[in-house]
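K.L.:
Just work20.cif, nothing more (mmCIF, C-alpha atoms):
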data_target
#
loop_
_atom_site.group_PDB
_atom_site.id
_atom_site.type_symbol
_atom_site.label_atom_id
_atom_site.label_comp_id
_atom_site.auth_asym_id
_atom_site.auth_seq_id
_atom_site.Cartn_x
_atom_site.Cartn_y
_atom_site.Cartn_z
ATOM 1 C CA MET A 13 88.627 142.287 110.111
ATOM 2 C CA ALA A 14 90.342 144.295 107.386
ATOM 3 C CA PRO A 15 90.962 147.977 108.045
ATOM 4 C CA GLY A 16 88.815 150.482 106.247
ATOM 5 C CA ASN A 17 91.508 151.440 103.709
ATOM 6 C CA VAL A 18 92.103 147.829 102.617
ATOM 7 C CA THR A 19 89.968 146.189 99.923
ATOM 8 C CA GLN A 20 88.656 142.809 101.052
ATOM 9 C CA VAL A 21 88.497 140.134 98.336
ATOM 10 C CA SER A 22 84.982 139.268 97.200
ATOM 11 C CA GLU A 23 85.804 135.921 95.600
ATOM 12 C CA PHE A 24 88.428 133.194 95.596
ATOM 13 C CA VAL A 25 89.890 131.241 92.673
ATOM 14 C CA PHE A 26 90.715 127.525 93.032
ATOM 15 C CA ILE A 27 93.772 126.024 91.384
ATOM 16 C CA GLY A 28 92.097 122.640 91.785
ATOM 17 C CA VAL A 29 93.647 119.189 91.957
ATOM 18 C CA SER A 30 95.768 120.106 88.925
ATOM 19 C CA ASP A 31 96.036 123.207 86.759
ATOM 20 C CA LEU A 32 97.138 121.269 83.643
ATOM 21 C CA PRO A 33 94.442 121.728 80.932
ATOM 22 C CA GLU A 34 94.971 118.264 79.442
ATOM 23 C CA LEU A 35 94.147 116.619 82.792
ATOM 24 C CA GLN A 36 90.836 118.354 83.453
ATOM 25 C CA ILE A 37 88.551 115.948 81.546
ATOM 26 C CA PRO A 38 90.311 112.746 82.730
ATOM 27 C CA LEU A 39 90.224 114.001 86.330
ATOM 28 C CA PHE A 40 86.558 114.960 85.927
ATOM 29 C CA LEU A 41 85.716 111.416 84.843
ATOM 30 C CA VAL A 42 87.746 109.829 87.659
ATOM 31 C CA PHE A 43 86.186 111.968 90.379
ATOM 32 C CA LEU A 44 82.713 111.670 88.856
ATOM 33 C CA LEU A 45 83.092 107.895 89.173
ATOM 34 C CA ILE A 46 84.344 108.204 92.769
ATOM 35 C CA TYR A 47 81.481 110.522 93.739
ATOM 36 C CA GLY A 48 78.924 108.313 91.974
ATOM 37 C CA LEU A 49 80.140 105.244 93.888
ATOM 38 C CA THR A 50 80.122 107.263 97.114
ATOM 39 C CA VAL A 51 76.515 108.336 96.605
ATOM 40 C CA MET A 52 75.307 104.859 95.633
ATOM 41 C CA GLY A 53 77.214 103.088 98.401
ATOM 42 C CA ASN A 54 76.262 105.385 101.249
ATOM 43 C CA LEU A 55 72.635 105.925 100.187
ATOM 44 C CA GLY A 56 72.384 102.169 99.740
ATOM 45 C CA ILE A 57 73.597 101.581 103.312
ATOM 46 C CA ILE A 58 71.243 104.259 104.669
ATOM 47 C CA THR A 59 68.286 102.702 102.813
ATOM 48 C CA LEU A 60 69.034 99.116 103.830
ATOM 49 C CA ILE A 61 69.493 99.936 107.507
ATOM 50 C CA SER A 62 66.347 102.080 107.503
ATOM 51 C CA VAL A 63 64.041 99.505 105.901
ATOM 52 C CA ASP A 64 65.331 96.184 107.267
ATOM 53 C CA SER A 65 64.064 95.319 110.735
ATOM 54 C CA ARG A 66 66.956 92.907 111.332
ATOM 55 C CA LEU A 67 69.432 95.780 111.107
ATOM 56 C CA GLN A 68 67.779 97.850 113.844
ATOM 57 C CA THR A 69 70.679 97.425 116.284
ATOM 58 C CA PRO A 70 73.083 99.989 117.801
ATOM 59 C CA MET A 71 75.951 98.913 115.512
ATOM 60 C CA TYR A 72 73.929 99.581 112.362
ATOM 61 C CA PHE A 73 72.376 102.697 113.863
ATOM 62 C CA PHE A 74 75.875 104.200 114.125
ATOM 63 C CA LEU A 75 76.835 102.830 110.725
ATOM 64 C CA ARG A 76 73.836 104.586 109.166
ATOM 65 C CA HIS A 77 74.987 107.891 110.639
ATOM 66 C CA LEU A 78 78.523 107.280 109.373
ATOM 67 C CA ALA A 79 77.016 106.792 105.903
ATOM 68 C CA ILE A 80 75.002 110.012 106.270
ATOM 69 C CA ILE A 81 78.155 111.886 107.293
ATOM 70 C CA ASN A 82 80.233 110.400 104.452
ATOM 71 C CA PHE A 83 77.570 111.221 101.870
ATOM 72 C CA SER A 84 77.151 114.772 103.211
ATOM 73 C CA ASN A 85 80.877 115.486 103.435
ATOM 74 C CA SER A 86 81.495 114.351 99.865
ATOM 75 C CA THR A 87 78.491 116.344 98.637
ATOM 76 C CA VAL A 88 79.862 119.505 100.241
ATOM 77 C CA ILE A 89 83.065 119.083 98.193
ATOM 78 C CA ALA A 90 82.484 117.044 95.027
ATOM 79 C CA PRO A 91 79.777 118.902 93.013
ATOM 80 C CA LYS A 92 81.661 122.217 93.026
ATOM 81 C CA MET A 93 84.906 120.378 92.345
ATOM 82 C CA LEU A 94 83.392 118.565 89.339
ATOM 83 C CA VAL A 95 81.997 121.796 87.886
ATOM 84 C CA ASN A 96 85.424 123.427 88.222
ATOM 85 C CA PHE A 97 87.000 120.736 86.035
ATOM 86 C CA LEU A 98 84.749 121.911 83.182
ATOM 87 C CA VAL A 99 85.069 125.698 83.484
ATOM 88 C CA SER A 100 88.021 127.934 82.719
ATOM 89 C CA LYS A 101 87.669 130.178 85.791
ATOM 90 C CA LYS A 102 87.278 128.198 89.001
ATOM 91 C CA THR A 103 85.774 130.850 91.276
ATOM 92 C CA THR A 104 83.752 130.853 94.475
ATOM 93 C CA SER A 105 82.337 133.847 96.328
ATOM 94 C CA TYR A 106 83.629 134.910 99.747
ATOM 95 C CA TYR A 107 80.452 133.792 101.532
ATOM 96 C CA GLU A 108 80.120 130.591 99.500
ATOM 97 C CA CYS A 109 83.677 129.732 100.542
ATOM 98 C CA ALA A 110 82.887 130.412 104.202
ATOM 99 C CA THR A 111 79.754 128.245 103.963
ATOM 100 C CA GLN A 112 81.659 125.385 102.342
ATOM 101 C CA LEU A 113 84.366 125.514 105.024
ATOM 102 C CA GLY A 114 81.769 125.510 107.800
ATOM 103 C CA ALA A 115 79.825 122.588 106.305
ATOM 104 C CA PHE A 116 83.007 120.613 105.678
ATOM 105 C CA LEU A 117 84.090 121.093 109.306
ATOM 106 C CA VAL A 118 80.701 119.954 110.609
ATOM 107 C CA PHE A 119 80.936 116.621 108.809
ATOM 108 C CA ILE A 120 84.668 115.943 109.174
ATOM 109 C CA VAL A 121 84.513 116.514 112.954
ATOM 110 C CA ALA A 122 81.332 114.420 113.142
ATOM 111 C CA GLU A 123 83.126 111.587 111.312
ATOM 112 C CA VAL A 124 86.059 111.730 113.735
ATOM 113 C CA PHE A 125 83.748 111.241 116.696
ATOM 114 C CA ILE A 126 81.299 108.783 115.138
ATOM 115 C CA LEU A 127 84.272 106.490 114.459
ATOM 116 C CA ALA A 128 85.164 106.713 118.150
ATOM 117 C CA VAL A 129 81.552 105.962 119.113
ATOM 118 C CA MET A 130 81.521 102.945 116.787
ATOM 119 C CA ALA A 131 84.747 101.636 118.342
ATOM 120 C CA TYR A 132 83.202 102.003 121.815
ATOM 121 C CA ASP A 133 80.077 100.179 120.624
ATOM 122 C CA ARG A 134 82.198 97.229 119.409
ATOM 123 C CA TYR A 135 84.144 97.249 122.683
ATOM 124 C CA VAL A 136 80.956 96.895 124.724
ATOM 125 C CA ALA A 137 79.538 94.240 122.378
ATOM 126 C CA ILE A 138 82.646 92.034 122.540
ATOM 127 C CA CYS A 139 83.946 92.701 126.051
ATOM 128 C CA ASN A 140 80.634 93.120 127.939
ATOM 129 C CA PRO A 141 78.005 91.320 125.853
ATOM 130 C CA LEU A 142 75.631 90.704 128.781
ATOM 131 C CA LEU A 143 75.400 94.442 129.481
ATOM 132 C CA TYR A 144 75.317 95.495 125.828
ATOM 133 C CA MET A 145 71.633 96.388 125.507
ATOM 134 C CA VAL A 146 71.775 98.325 128.792
ATOM 135 C CA VAL A 147 75.011 100.238 128.151
ATOM 136 C CA VAL A 148 74.180 100.935 124.490
ATOM 137 C CA SER A 149 70.430 101.461 124.758
ATOM 138 C CA ARG A 150 68.433 103.394 122.155
ATOM 139 C CA ARG A 151 68.422 106.442 124.436
ATOM 140 C CA ILE A 152 72.218 106.292 124.817
ATOM 141 C CA CYS A 153 72.635 105.852 121.044
ATOM 142 C CA ASN A 154 70.514 108.921 120.326
ATOM 143 C CA LEU A 155 72.383 110.895 122.986
ATOM 144 C CA LEU A 156 75.825 109.974 121.587
ATOM 145 C CA VAL A 157 74.843 110.864 118.034
ATOM 146 C CA SER A 158 73.149 114.109 119.114
ATOM 147 C CA LEU A 159 76.231 115.168 121.095
ATOM 148 C CA THR A 160 78.424 114.327 118.101
ATOM 149 C CA TYR A 161 76.433 116.593 115.766
ATOM 150 C CA LEU A 162 76.092 119.368 118.354
ATOM 151 C CA TYR A 163 79.820 119.388 119.089
ATOM 152 C CA SER A 164 80.786 119.258 115.402
ATOM 153 C CA PHE A 165 78.446 122.170 114.599
ATOM 154 C CA SER A 166 79.862 124.224 117.489
ATOM 155 C CA THR A 167 83.428 123.473 116.390
ATOM 156 C CA ALA A 168 82.640 124.467 112.795
ATOM 157 C CA ILE A 169 81.187 127.806 113.925
ATOM 158 C CA VAL A 170 84.214 128.644 116.091
ATOM 159 C CA VAL A 171 86.925 127.539 113.648
ATOM 160 C CA SER A 172 85.386 128.966 110.469
ATOM 161 C CA SER A 173 84.701 132.273 112.259
ATOM 162 C CA CYS A 174 88.375 132.463 113.251
ATOM 163 C CA VAL A 175 89.564 131.652 109.726
ATOM 164 C CA PHE A 176 87.347 134.352 108.207
ATOM 165 C CA SER A 177 88.106 136.928 110.912
ATOM 166 C CA VAL A 178 91.443 137.727 109.234
ATOM 167 C CA SER A 179 91.915 139.941 106.183
ATOM 168 C CA TYR A 180 92.076 138.597 102.641
ATOM 169 C CA CYS A 181 93.214 141.542 100.585
ATOM 170 C CA ALA A 182 96.100 140.452 98.362
ATOM 171 C CA SER A 183 96.085 137.125 96.494
ATOM 172 C CA ASN A 184 92.765 135.294 96.211
ATOM 173 C CA ILE A 185 94.092 132.145 94.507
ATOM 174 C CA ILE A 186 93.553 129.062 96.699
ATOM 175 C CA ASN A 187 96.001 126.244 96.014
ATOM 176 C CA HIS A 188 93.341 123.627 96.688
ATOM 177 C CA PHE A 189 90.109 122.194 95.269
ATOM 178 C CA TYR A 190 87.850 123.423 98.103
ATOM 179 C CA CYS A 191 87.920 126.009 100.901
ATOM 180 C CA ASP A 192 90.035 124.584 103.729
ATOM 181 C CA ASN A 193 91.775 126.119 106.729
ATOM 182 C CA VAL A 194 95.441 125.840 105.750
ATOM 183 C CA PRO A 195 95.326 127.136 102.148
ATOM 184 C CA LEU A 196 92.968 129.948 103.177
ATOM 185 C CA LEU A 197 95.166 131.161 106.038
ATOM 186 C CA ALA A 198 98.162 131.042 103.681
ATOM 187 C CA LEU A 199 96.466 133.828 101.664
ATOM 188 C CA SER A 200 95.798 136.186 104.562
ATOM 189 C CA CYS A 201 97.456 139.599 104.566
ATOM 190 C CA SER A 202 97.057 140.004 108.352
ATOM 191 C CA ASP A 203 98.351 138.227 111.439
ATOM 192 C CA THR A 204 97.113 134.620 111.480
ATOM 193 C CA TYR A 205 98.591 133.501 114.802
ATOM 194 C CA ILE A 206 95.252 133.272 116.635
ATOM 195 C CA PRO A 207 93.276 131.398 113.913
ATOM 196 C CA GLU A 208 96.233 129.068 113.275
ATOM 197 C CA THR A 209 96.407 128.322 116.994
ATOM 198 C CA VAL A 210 92.654 127.697 117.169
ATOM 199 C CA VAL A 211 92.788 125.376 114.132
ATOM 200 C CA PHE A 212 95.756 123.454 115.539
ATOM 201 C CA ILE A 213 94.335 123.076 119.066
ATOM 202 C CA SER A 214 90.897 122.090 117.751
ATOM 203 C CA ALA A 215 92.313 119.518 115.321
ATOM 204 C CA ALA A 216 94.781 118.118 117.847
ATOM 205 C CA THR A 217 92.172 117.840 120.600
ATOM 206 C CA ASN A 218 89.548 116.213 118.384
ATOM 207 C CA ILE A 219 91.882 113.745 116.708
ATOM 208 C CA LEU A 220 93.859 112.739 119.798
ATOM 209 C CA PHE A 221 90.756 112.319 121.988
ATOM 210 C CA SER A 222 88.910 110.212 119.433
ATOM 211 C CA MET A 223 92.050 108.210 118.599
ATOM 212 C CA THR A 224 92.507 107.468 122.297
ATOM 213 C CA VAL A 225 88.962 106.100 122.496
ATOM 214 C CA VAL A 226 89.522 103.996 119.356
ATOM 215 C CA LEU A 227 92.890 102.619 120.490
ATOM 216 C CA ILE A 228 91.729 101.765 124.024
ATOM 217 C CA SER A 229 88.582 100.122 122.641
ATOM 218 C CA TYR A 230 90.457 97.994 120.135
ATOM 219 C CA PHE A 231 93.194 97.131 122.632
ATOM 220 C CA ASN A 232 90.560 95.648 124.921
ATOM 221 C CA ILE A 233 88.816 93.976 121.985
ATOM 222 C CA VAL A 234 92.066 92.263 120.975
ATOM 223 C CA LEU A 235 92.632 91.077 124.547
ATOM 224 C CA SER A 236 89.119 89.624 124.639
ATOM 225 C CA ILE A 237 89.616 87.910 121.295
ATOM 226 C CA LEU A 238 92.877 86.338 122.450
ATOM 227 C CA ARG A 239 91.023 84.837 125.400
ATOM 228 C CA MET A 240 88.516 83.107 123.110
ATOM 229 C CA ARG A 241 88.885 79.312 123.008
ATOM 230 C CA SER A 242 87.520 78.912 119.490
ATOM 231 C CA SER A 243 90.187 79.430 116.825
ATOM 232 C CA GLU A 244 87.456 80.010 114.220
ATOM 233 C CA GLY A 245 85.884 82.690 116.434
ATOM 234 C CA ARG A 246 89.238 84.401 116.903
ATOM 235 C CA LYS A 247 89.931 84.343 113.178
ATOM 236 C CA LYS A 248 86.537 85.831 112.353
ATOM 237 C CA ALA A 249 86.833 88.543 115.016
ATOM 238 C CA PHE A 250 90.371 89.468 113.963
ATOM 239 C CA SER A 251 89.237 89.735 110.347
ATOM 240 C CA THR A 252 86.458 92.149 111.348
ATOM 241 C CA CYS A 253 88.803 94.253 113.481
ATOM 242 C CA ALA A 254 91.410 94.358 110.717
ATOM 243 C CA SER A 255 88.883 95.858 108.281
ATOM 244 C CA HIS A 256 87.772 98.480 110.781
ATOM 245 C CA MET A 257 91.311 99.356 111.796
ATOM 246 C CA MET A 258 92.409 99.682 108.172
ATOM 247 C CA ALA A 259 89.731 102.322 107.540
ATOM 248 C CA VAL A 260 90.456 104.095 110.823
ATOM 249 C CA THR A 261 94.218 104.098 110.174
ATOM 250 C CA VAL A 262 93.881 105.636 106.712
ATOM 251 C CA PHE A 263 91.391 108.239 107.938
ATOM 252 C CA TYR A 264 93.309 109.318 111.032
ATOM 253 C CA GLY A 265 96.641 109.075 109.235
ATOM 254 C CA THR A 266 95.621 111.589 106.573
ATOM 255 C CA LEU A 267 94.103 113.933 109.168
ATOM 256 C CA LEU A 268 97.241 113.809 111.318
ATOM 257 C CA PHE A 269 99.384 114.487 108.273
ATOM 258 C CA MET A 270 97.182 117.390 107.220
ATOM 259 C CA TYR A 271 96.540 119.255 110.456
ATOM 260 C CA LEU A 272 99.146 118.375 113.058
ATOM 261 C CA GLN A 273 102.198 119.681 111.265
ATOM 262 C CA PRO A 274 103.523 123.255 111.617
ATOM 263 C CA ARG A 275 102.550 125.673 108.882
ATOM 264 C CA THR A 276 106.213 125.967 107.799
ATOM 265 C CA SER A 277 106.210 122.221 107.029
ATOM 266 C CA HIS A 278 103.081 122.309 104.858
ATOM 267 C CA PHE A 279 103.386 121.492 101.160
ATOM 268 C CA LEU A 280 99.991 122.391 99.757
ATOM 269 C CA ASP A 281 100.231 120.085 96.732
ATOM 270 C CA THR A 282 100.878 117.133 99.057
ATOM 271 C CA ASP A 283 98.072 118.277 101.362
ATOM 272 C CA LYS A 284 95.683 118.215 98.408
ATOM 273 C CA MET A 285 96.410 114.540 97.841
ATOM 274 C CA ALA A 286 95.754 113.806 101.512
ATOM 275 C CA SER A 287 92.513 115.777 101.297
ATOM 276 C CA VAL A 288 91.355 113.703 98.316
ATOM 277 C CA PHE A 289 91.592 110.625 100.537
ATOM 278 C CA TYR A 290 89.531 111.803 103.496
ATOM 279 C CA THR A 291 86.965 113.851 101.558
ATOM 280 C CA LEU A 292 86.322 111.569 98.572
ATOM 281 C CA VAL A 293 88.128 108.215 98.595
ATOM 282 C CA ILE A 294 87.424 107.119 102.191
ATOM 283 C CA PRO A 295 83.671 107.940 101.960
ATOM 284 C CA MET A 296 83.611 105.760 98.834
ATOM 285 C CA LEU A 297 85.430 102.884 100.571
ATOM 286 C CA ASN A 298 83.588 102.955 103.911
ATOM 287 C CA PRO A 299 80.403 101.225 102.671
ATOM 288 C CA MET A 300 82.562 98.344 101.426
ATOM 289 C CA ILE A 301 84.851 98.193 104.452
ATOM 290 C CA TYR A 302 82.157 98.477 107.104
ATOM 291 C CA SER A 303 79.164 96.890 105.399
ATOM 292 C CA LEU A 304 79.503 95.074 102.115
ATOM 293 C CA ARG A 305 81.762 92.451 103.730
ATOM 294 C CA ASN A 306 79.135 91.971 106.436
ATOM 295 C CA LYS A 307 76.857 88.927 106.135
ATOM 296 C CA ASP A 308 73.899 90.725 107.733
ATOM 297 C CA VAL A 309 74.078 93.562 105.227
ATOM 298 C CA LYS A 310 74.465 91.156 102.301
ATOM 299 C CA ALA A 311 71.413 89.228 103.494
ATOM 300 C CA ALA A 312 69.460 92.483 103.896
ATOM 301 C CA LEU A 313 70.433 93.505 100.359
ATOM 302 C CA ARG A 314 69.237 90.166 98.964
ATOM 303 C CA ARG A 315 65.928 90.501 100.839
ATOM 304 C CA PHE A 316 65.490 94.048 99.559
ATOM 305 C CA LEU A 317 66.259 93.121 95.936
ATOM 306 C CA THR A 318 63.992 90.060 96.115
ATOM 307 C CA ASN A 319 61.050 91.826 97.777
ATOM 308 C CA PRO A 320 61.478 95.617 98.006
ATOM 309 C CA CYS A 321 57.814 96.195 98.793
ATOM 310 C CA GLY A 322 57.988 93.769 101.707
ATOM 311 C CA SER A 323 61.062 95.566 103.016
ATOM 312 C CA LEU A 324 59.324 98.905 102.846
ATOM 313 C CA LYS A 325 56.311 97.536 104.740
ATOM 314 C CA ALA A 326 58.642 96.476 107.549
ATOM 315 C CA MET A 327 59.654 100.085 108.214
#
Starting from the file, lay out its structure as structure tokens.

P.N.:
Amino acid sequence: MAPGNVTQVSEFVFIGVSDLPELQIPLFLVFLLIYGLTVMGNLGIITLISVDSRLQTPMYFFLRHLAIINFSNSTVIAPKMLVNFLVSKKTTSYYECATQLGAFLVFIVAEVFILAVMAYDRYVAICNPLLYMVVVSRRICNLLVSLTYLYSFSTAIVVSSCVFSVSYCASNIINHFYCDNVPLLALSCSDTYIPETVVFISAATNILFSMTVVLISYFNIVLSILRMRSSEGRKKAFSTCASHMMAVTVFYGTLLFMYLQPRTSHFLDTDKMASVFYTLVIPMLNPMIYSLRNKDVKAALRRFLTNPCGSLKAM
């Protein structure tokens, strides 16, 4: 921590997405719309999967948790961000910043691994359909999700503790719209080698491990699809995989760009744009990519809108 003769900062000031005064209201409206769609889309998916008995399968169980994670991650970031568009001084206290970083890490790490779990679920369903209900039983589903949350919480504690173990005693202006590892460590007035190493190793390990699971799963899925005799079945399966892989590619691509480059190569303004994608835009798109193109979800939505009381009784 900071030596006794050094004054530790008590608050941080965000520059935000842009510091141009004329852009604050337009940006507020754009991000309010994005956050509103994120809330409606993800809460809608959570509600539908919870109340419709036909969606009580492992695939939708994991999808519901992805929606919970997307909603939570956006909620950690967006409300404070929206308020800052409307105020002249965009401040956050030292402990509020630490809390936001910790919460953000919990949900971003959880999303990385829930995507890997979902890819594994699809691999078992397509490549080993006869063993599906045994390999992906309710107990296994609960175990995988529990381990995902436990690991993400542990990672958040370790990484955020390292980031806030250094001294912040000079500038307190964060060139970002929320408290994140890279812009925070750029402000430190002490040696940041250890926290930077921890952040890099943690990010690299999490992303590369989960990407390996996703790539191996989809490689085997593609092989299985190519062996299908029905051209219509292959077309339908490829369409589903393409949607999933598009979302996964954008998500992992922005994370790789953000975290797996040396600090000397970081351009914080560019990093902010990448952060907008994986904290706000992707959580808004996921309900559409993973669910709203799905016939089962569309049918569940029609049943819910037609007879909401009947849907609730089925819970």

K.L.:
To one decimal in Å, tell me the separation between CA of Met258 in chain A and CA of Phe74 in chain A.

P.N.:
18.1 Å

K.L.:
Skipping near chain neighbours, those fewer than 4 positions away, what residues fall within 12 Å of Leu159 in chain A using only C-alpha atoms, listed as a ChimeraX atom specification?

P.N.:
/A:121-122,125-126,129,152-155,163-167

K.L.:
I'd like the interatomic distance between CA of Gln112 in chain A and CA of Leu199 in chain A, to a tenth of an Å.

P.N.:
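If I compute the distance from CA of Gln112 in chain A to CA of Leu199 in chain A, I get 17.1 Å.
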
K.L.:
Enumerate, as an NGL selection string, the residues matched when the PyMOL selection byres ((chain A and resi 291-293) around 8) is run on the file above.

P.N.:
:A and (46-47 or 50 or 85-86 or 89-90 or 287-290 or 294-297)

K.L.:
Closest to Val170 in chain A among A:Thr111, A:Ser105, A:Thr224, A:Ser214, using all atoms listed in the file?

P.N.:
A:Ser214

K.L.:
Counting all atoms listed in the file, which residues come within 7 Å of (98.3, 111.7, 117.5), with the point read in the file's coordinates, and could you list them as a PDB file with C-alpha atoms, keeping the file's coordinate frame?

P.N.:
ATOM      1  CA  ILE A 219      91.882 113.745 116.708  1.00  0.00           C
ATOM      2  CA  LEU A 220      93.859 112.739 119.798  1.00  0.00           C
ATOM      3  CA  LEU A 268      97.241 113.809 111.318  1.00  0.00           C
TER       4      LEU A 268
END

K.L.:
List the residues selected by the PyMOL selection byres ((chain A and resi 136) around 12) in the file shown, writing them as a ChimeraX atom specification.

P.N.:
/A:70-71,129-135,137-149,228-230,232-233,236

K.L.:
Since the input lacks atoms, please generate N, CA, C and O atoms for range 40-51 of chain A and provide them as a JSON list (two decimals), in the frame of the given file.

P.N.:
[["chain", "number", "residue", "atom", "x", "y", "z"],
["A", 40, "PHE", "N", 88.01, 114.85, 85.77],
["A", 40, "PHE", "CA", 86.56, 114.96, 85.93],
["A", 40, "PHE", "C", 85.91, 113.58, 85.90],
["A", 40, "PHE", "O", 85.07, 113.26, 86.76],
["A", 41, "LEU", "N", 86.31, 112.75, 84.97],
["A", 41, "LEU", "CA", 85.72, 111.42, 84.84],
["A", 41, "LEU", "C", 86.07, 110.54, 86.04],
["A", 41, "LEU", "O", 85.22, 109.80, 86.55],
["A", 42, "VAL", "N", 87.32, 110.63, 86.50],
["A", 42, "VAL", "CA", 87.75, 109.83, 87.66],
["A", 42, "VAL", "C", 86.95, 110.22, 88.90],
["A", 42, "VAL", "O", 86.41, 109.36, 89.61],
["A", 43, "PHE", "N", 86.86, 111.53, 89.16],
["A", 43, "PHE", "CA", 86.19, 111.97, 90.38],
["A", 43, "PHE", "C", 84.66, 111.87, 90.27],
["A", 43, "PHE", "O", 83.98, 111.72, 91.27],
["A", 44, "LEU", "N", 84.14, 111.93, 89.05],
["A", 44, "LEU", "CA", 82.71, 111.67, 88.86],
["A", 44, "LEU", "C", 82.39, 110.22, 89.22],
["A", 44, "LEU", "O", 81.38, 109.94, 89.88],
["A", 45, "LEU", "N", 83.27, 109.30, 88.82],
["A", 45, "LEU", "CA", 83.09, 107.90, 89.17],
["A", 45, "LEU", "C", 83.17, 107.70, 90.68],
["A", 45, "LEU", "O", 82.34, 107.00, 91.28],
["A", 46, "ILE", "N", 84.18, 108.32, 91.31],
["A", 46, "ILE", "CA", 84.34, 108.20, 92.77],
["A", 46, "ILE", "C", 83.11, 108.75, 93.50],
["A", 46, "ILE", "O", 82.58, 108.11, 94.41],
["A", 47, "TYR", "N", 82.65, 109.92, 93.08],
["A", 47, "TYR", "CA", 81.48, 110.52, 93.74],
["A", 47, "TYR", "C", 80.22, 109.69, 93.49],
["A", 47, "TYR", "O", 79.40, 109.51, 94.41],
["A", 48, "GLY", "N", 80.08, 109.16, 92.27],
["A", 48, "GLY", "CA", 78.92, 108.31, 91.97],
["A", 48, "GLY", "C", 78.90, 107.07, 92.84],
["A", 48, "GLY", "O", 77.85, 106.70, 93.39],
["A", 49, "LEU", "N", 80.05, 106.42, 93.02],
["A", 49, "LEU", "CA", 80.14, 105.24, 93.89],
["A", 49, "LEU", "C", 79.88, 105.61, 95.34],
["A", 49, "LEU", "O", 79.26, 104.84, 96.09],
["A", 50, "THR", "N", 80.35, 106.79, 95.74],
["A", 50, "THR", "CA", 80.12, 107.26, 97.11],
["A", 50, "THR", "C", 78.64, 107.45, 97.38],
["A", 50, "THR", "O", 78.11, 107.01, 98.41],
["A", 51, "VAL", "N", 77.96, 108.10, 96.46],
["A", 51, "VAL", "CA", 76.52, 108.34, 96.60],
["A", 51, "VAL", "C", 75.75, 107.02, 96.64],
["A", 51, "VAL", "O", 74.92, 106.78, 97.54]]
